[in-house]
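Taking it in order: structure first as structure tokens, then the write-up.
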Amino acid sequence: MSEESPPTAPITATGTASRNVDGQAIAITVFSSVKWFGRLWLPLVFWYANHFPKSTGTLARLSFIHFARWTLVRRIPYNGPPQQKEKLSYPRLFFESNFNGGWEEYIDAFSHILTSGMKVFWGTSYGFPQPLPTGPFKAYIKRNELEASHFYSAYPQATTTMVLAALDLAPRLERFKEQTSGKTAEDFAQDWRKFLEETQGSL
Amino acid sequence: MSNQAGQAYAFMAITPILEGEEKKLRAYLDGFTQETSPFAGLPATHFARWVILPDWVDDPSQPRQDHLGSEYLIFTSNFDGPLGSYLDELCRRPEAQEIWSHCVGAPKPATGHLLKAYLLHNHIDTGFFVAAYPDASVEKVRASLALRERLSAFAVRSQGMDPATLQSAFNAEFGG
């Protein structure tokens, strides 16, 4: 249960290093060290999340995430000398997100909305505080976050909401064109007003 | 593992940076802008990044501290599949050749199918991948955003038009 009020809507890309930003888009890149039982637990979590997508419905409803991923790094590939063979005492949980809004608001939303989900993903990481209150969790992410050397977005000025609205609008416009083809100007104008009312949320 | 959501792919490769090359590599990567980014020439790329991992960030509560033997370059991309053709295109880029030439074990020159094989060797599978619009390609997203912008502008511009002018203007704008 949330102990604090949910955050207000994010505005623009703020709160992180400039190299993590491209237009409205922000990159988060985080590694955390995983306890021994996370080696068993996290593959089960991934399996469950992949096979039962409804279990992660709340995550999908976070309207500011374009793409995100979790990866358990258990070994570092070896390429021969002079690379040293890496022996990981602990597997590492890699988390990447491509989102819009502000860094602070993003972590706030994660903590408030995905409170139990975050415990599932990060509960086996060393040093993971509870998602709430958000202060210690933000400090934890900051400590484990890496700055991108180069981050790219193909549509940097578009938020996730804008993309979803645009994808919704395009087929509706096609249907409108088909339905109004051959109509009189008066009927067309009437249908146009109705179309605008129906799609105003996507415009 | 789940490197795919709809038609969207998640790729990740971790490659060791040659000793003493980190500064040069970092400076090269830092020089890219949105316009000069090599990803701008890879039209299937939604979001991508290069990150340099100097060492593990250990937590004080760990019984043992872990250290890497060298610095590592992390490459991740979220793109329209399939993977093979995307890597083919990436490995043809001159920037890719420059970037991975700073890494241990990369082919010389770091290009073409040998670079592709190198990246696949250093690939790490994704555990769980989330995409907000998994079935929309970059091309479709961009086209839809442009259409939305035109439609919004037309909705404003067409206010107060009489029916005949409205229909005519709509057909001229959207080919109705």
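Quick note on naming: the chains in the structure tokens go A, B, ... in the order shown, residues restart at 1 in each chain, and ligands are numbered from 1 in order of appearance.
Within the 6 Å cut-off around stretch 136-151 of chain A, using only C-alpha atoms and omitting residues fewer than 2 positions from it on the same chain, the listed residues are A:Arg19, A:Asn20, A:Thr29, A:Val30, A:Phe31, A:Pro129, A:Pro131, A:Thr134, B:Leu29, B:Asp30, B:Ala48, B:Arg49, B:Trp50, B:Val51.
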Write out as an NGL selection string the set of residues from stretch 6-98 of chain A that DSSP, computed on the backbone, places in strand (DSSP E). :A and (21-22 or 25-33 or 65-73 or 92-98)
For the residues selected in the previous step, produce a file with C-alpha atoms as a compact mmCIF listing (two decimals), in the first residue's frame.
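Written file, again_21.txt:
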```txt
# COMPACT_ATOMS: atom_id res chain seq x y z
CA VAL A 21 18.51 12.49 -22.26
CA ASP A 22 17.39 12.76 -25.87
CA ALA A 25 13.32 10.58 -23.60
CA ILE A 26 15.41 9.50 -20.62
CA ALA A 27 17.67 6.45 -20.29
CA ILE A 28 18.06 4.63 -17.00
CA THR A 29 20.77 1.95 -16.80
CA VAL A 30 21.20 0.14 -13.50
CA PHE A 31 23.19 -2.87 -12.28
CA SER A 32 22.61 -4.42 -8.86
CA SER A 33 24.37 -7.38 -7.24
CA ILE A 65 7.61 3.76 -20.51
CA HIS A 66 8.46 3.12 -24.15
CA PHE A 67 10.65 0.04 -23.60
CA ALA A 68 12.14 -1.55 -20.48
CA ARG A 69 14.03 -4.74 -19.72
CA TRP A 70 15.45 -6.81 -16.89
CA THR A 71 18.35 -9.18 -17.49
CA LEU A 72 20.22 -11.48 -15.14
CA VAL A 73 23.91 -11.37 -16.04
CA ARG A 92 24.10 -8.92 -11.62
CA LEU A 93 20.61 -7.69 -12.37
CA PHE A 94 20.65 -5.31 -15.32
CA PHE A 95 17.72 -2.91 -15.67
CA GLU A 96 17.20 -0.55 -18.57
CA SER A 97 14.33 1.82 -19.21
CA ASN A 98 13.51 4.24 -22.00
```
Tell me which protein, DNA and RNA residues are within 12 Å of A:Met162, counting only C-alpha atoms, leaving out same-chain ones fewer than 3 positions away, and put them as a ChimeraX atom specification. /A:24,63-66,100,155-159,165-169,201-203 /B:132-133,141-142,144-149
Emit the selected residues as a PDB file, in the first residue's frame, including C-alpha atoms.
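The resulting result-v6.pdb:
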```
ATOM      1  CA  GLN A  24      11.710  13.996 -24.033  1.00  0.00           C
ATOM      2  CA  SER A  63       2.032   5.515 -19.586  1.00  0.00           C
ATOM      3  CA  PHE A  64       5.562   6.878 -19.701  1.00  0.00           C
ATOM      4  CA  ILE A  65       7.610   3.757 -20.506  1.00  0.00           C
ATOM      5  CA  HIS A  66       8.464   3.119 -24.147  1.00  0.00           C
ATOM      6  CA  ASN A 100       9.658  10.180 -20.774  1.00  0.00           C
ATOM      7  CA  TYR A 155      11.342  10.162 -32.044  1.00  0.00           C
ATOM      8  CA  PRO A 156      12.807  12.231 -29.222  1.00  0.00           C
ATOM      9  CA  GLN A 157      10.004  14.766 -28.995  1.00  0.00           C
ATOM     10  CA  ALA A 158       7.264  12.179 -28.540  1.00  0.00           C
ATOM     11  CA  THR A 159       6.110  10.892 -25.183  1.00  0.00           C
ATOM     12  CA  ALA A 165      -2.487   8.276 -29.239  1.00  0.00           C
ATOM     13  CA  ALA A 166      -1.025   8.618 -32.723  1.00  0.00           C
ATOM     14  CA  LEU A 167      -1.140   4.865 -33.320  1.00  0.00           C
ATOM     15  CA  ASP A 168      -4.784   4.864 -32.230  1.00  0.00           C
ATOM     16  CA  LEU A 169      -5.678   7.830 -34.404  1.00  0.00           C
ATOM     17  CA  GLY A 201      -8.401  12.354 -26.320  1.00  0.00           C
ATOM     18  CA  SER A 202      -5.918  11.264 -28.982  1.00  0.00           C
ATOM     19  CA  LEU A 203      -5.385  14.644 -30.632  1.00  0.00           C
TER      20      LEU A 203
ATOM     21  CA  ALA B 132       4.440  -0.151 -24.870  1.00  0.00           C
ATOM     22  CA  TYR B 133       3.703  -0.596 -28.578  1.00  0.00           C
ATOM     23  CA  VAL B 141       5.361   5.371 -35.197  1.00  0.00           C
ATOM     24  CA  ARG B 142       6.884   8.295 -37.067  1.00  0.00           C
ATOM     25  CA  SER B 144       1.425   8.134 -37.092  1.00  0.00           C
ATOM     26  CA  LEU B 145       2.970  10.999 -35.120  1.00  0.00           C
ATOM     27  CA  ALA B 146       3.195  13.122 -38.263  1.00  0.00           C
ATOM     28  CA  LEU B 147      -0.419  12.347 -39.148  1.00  0.00           C
ATOM     29  CA  ARG B 148      -1.573  13.214 -35.636  1.00  0.00           C
ATOM     30  CA  GLU B 149       0.201  16.547 -35.875  1.00  0.00           C
TER      31      GLU B 149
END
```
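One finds atom CA of A:Arg61 at 13.3 Å from atom CA of A:Gly117.
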If you count only C-alpha atoms, the residue of B:Glu95, B:Asp59, B:Glu89, B:Glu173 closest to chain A turns out to be B:Asp59
Using only C-alpha atoms, which residues sit within 7 Å of B:Ala8 once same-chain residues fewer than 5 positions away are excluded, as number ranges by chain? B: 78-81, 134-135
Selection: 12 Å around B:Asn171, only C-alpha atoms, excl. self and same-chain fewer than 3 positions, as a list in words: Phe176, Lys177, Glu178, Thr180, Ser181, Gly182, Ala185 and Phe188 of chain A; Phe154, Ala164, Thr165, Leu166, Gln167, Ser168, Phe174, Gly175 and Gly176 of chain B
File dump, residues just selected, C-alpha atoms, as a PDB file, in the first residue's frame:
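Generated file (selection_11.pdb):
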```pdb
ATOM      1  CA  PHE A 176     -13.647   8.050 -41.102  1.00  0.00           C
ATOM      2  CA  LYS A 177     -12.479   8.618 -44.667  1.00  0.00           C
ATOM      3  CA  GLU A 178     -14.153   5.407 -45.822  1.00  0.00           C
ATOM      4  CA  THR A 180     -17.668   9.743 -45.308  1.00  0.00           C
ATOM      5  CA  SER A 181     -16.688   8.988 -48.885  1.00  0.00           C
ATOM      6  CA  GLY A 182     -19.405  10.221 -51.228  1.00  0.00           C
ATOM      7  CA  ALA A 185     -20.974  18.394 -47.462  1.00  0.00           C
ATOM      8  CA  PHE A 188     -19.621  15.223 -43.869  1.00  0.00           C
TER       9      PHE A 188
ATOM     10  CA  PHE B 154      -6.324  20.818 -39.371  1.00  0.00           C
ATOM     11  CA  ALA B 164     -18.476  22.657 -48.394  1.00  0.00           C
ATOM     12  CA  THR B 165     -15.169  24.375 -47.607  1.00  0.00           C
ATOM     13  CA  LEU B 166     -14.519  21.920 -44.781  1.00  0.00           C
ATOM     14  CA  GLN B 167     -15.058  18.874 -46.973  1.00  0.00           C
ATOM     15  CA  SER B 168     -12.949  20.295 -49.745  1.00  0.00           C
ATOM     16  CA  PHE B 174      -5.977  13.891 -46.262  1.00  0.00           C
ATOM     17  CA  GLY B 175      -7.080  12.643 -49.657  1.00  0.00           C
ATOM     18  CA  GLY B 176     -10.568  11.646 -48.495  1.00  0.00           C
TER      19      GLY B 176
END
```
As a check of understanding: the span from atom CA of B:His123 to atom CA of B:Ile14 is 6.7 Å
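Nearest residue to chain B among A:Gln84, A:Gln130, A:Ser111, A:Gln179 is A:Gln84, counting only C-alpha atoms.
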Can you list, as a VMD selection string, every residue of stretch 37-149 of chain A that DSSP puts in alpha helix (DSSP H)? chain A and resid 38 to 51 57 to 60 103 to 113 115 to 122 134 to 144
Hey, can you spit out that residue selection with C-alpha atoms as a JSON list (two decimals), in the first residue's frame?
```json
[["chain", "number", "residue", "atom", "x", "y", "z"],
["A", 38, "GLY", "CA", 18.19, -14.61, -6.83],
["A", 39, "ARG", "CA", 20.01, -16.89, -9.26],
["A", 40, "LEU", "CA", 17.04, -19.23, -8.87],
["A", 41, "TRP", "CA", 14.31, -16.73, -8.11],
["A", 42, "LEU", "CA", 14.76, -14.24, -10.95],
["A", 43, "PRO", "CA", 14.58, -16.77, -13.81],
["A", 44, "LEU", "CA", 11.28, -17.94, -12.28],
["A", 45, "VAL", "CA", 10.05, -14.34, -12.13],
["A", 46, "PHE", "CA", 11.02, -13.78, -15.76],
["A", 47, "TRP", "CA", 9.39, -17.03, -16.82],
["A", 48, "TYR", "CA", 6.17, -16.13, -15.03],
["A", 49, "ALA", "CA", 6.12, -12.57, -16.38],
["A", 50, "ASN", "CA", 6.72, -13.82, -19.93],
["A", 51, "HIS", "CA", 4.09, -16.56, -19.79],
["A", 57, "GLY", "CA", -0.48, -5.35, -16.50],
["A", 58, "THR", "CA", 0.26, -2.55, -14.06],
["A", 59, "LEU", "CA", 3.68, -2.11, -15.62],
["A", 60, "ALA", "CA", 2.15, -1.90, -19.08],
["A", 103, "TRP", "CA", 13.72, 10.99, -13.37],
["A", 104, "GLU", "CA", 12.30, 11.78, -9.92],
["A", 105, "GLU", "CA", 8.71, 11.37, -11.09],
["A", 106, "TYR", "CA", 9.60, 8.09, -12.79],
["A", 107, "ILE", "CA", 11.05, 6.57, -9.63],
["A", 108, "ASP", "CA", 8.13, 7.96, -7.61],
["A", 109, "ALA", "CA", 5.63, 6.31, -9.95],
["A", 110, "PHE", "CA", 7.52, 3.02, -9.91],
["A", 111, "SER", "CA", 7.60, 3.05, -6.13],
["A", 112, "HIS", "CA", 3.96, 4.01, -5.63],
["A", 113, "ILE", "CA", 2.31, 2.00, -8.39],
["A", 115, "THR", "CA", 5.35, -1.37, -4.97],
["A", 116, "SER", "CA", 4.97, -5.16, -4.80],
["A", 117, "GLY", "CA", 6.33, -5.70, -8.33],
["A", 118, "MET", "CA", 9.56, -3.93, -7.44],
["A", 119, "LYS", "CA", 10.06, -6.20, -4.47],
["A", 120, "VAL", "CA", 9.67, -9.17, -6.83],
["A", 121, "PHE", "CA", 12.34, -7.88, -9.23],
["A", 122, "TRP", "CA", 14.82, -6.27, -6.81],
["A", 134, "THR", "CA", 11.00, 6.76, -2.04],
["A", 135, "GLY", "CA", 14.04, 8.63, -0.66],
["A", 136, "PRO", "CA", 16.21, 5.60, 0.15],
["A", 137, "PHE", "CA", 15.15, 3.87, -3.05],
["A", 138, "LYS", "CA", 16.12, 6.88, -5.16],
["A", 139, "ALA", "CA", 19.50, 6.96, -3.41],
["A", 140, "TYR", "CA", 19.92, 3.25, -4.16],
["A", 141, "ILE", "CA", 19.17, 3.71, -7.86],
["A", 142, "LYS", "CA", 21.45, 6.76, -8.08],
["A", 143, "ARG", "CA", 24.27, 4.75, -6.51],
["A", 144, "ASN", "CA", 23.85, 1.88, -8.95]]
```
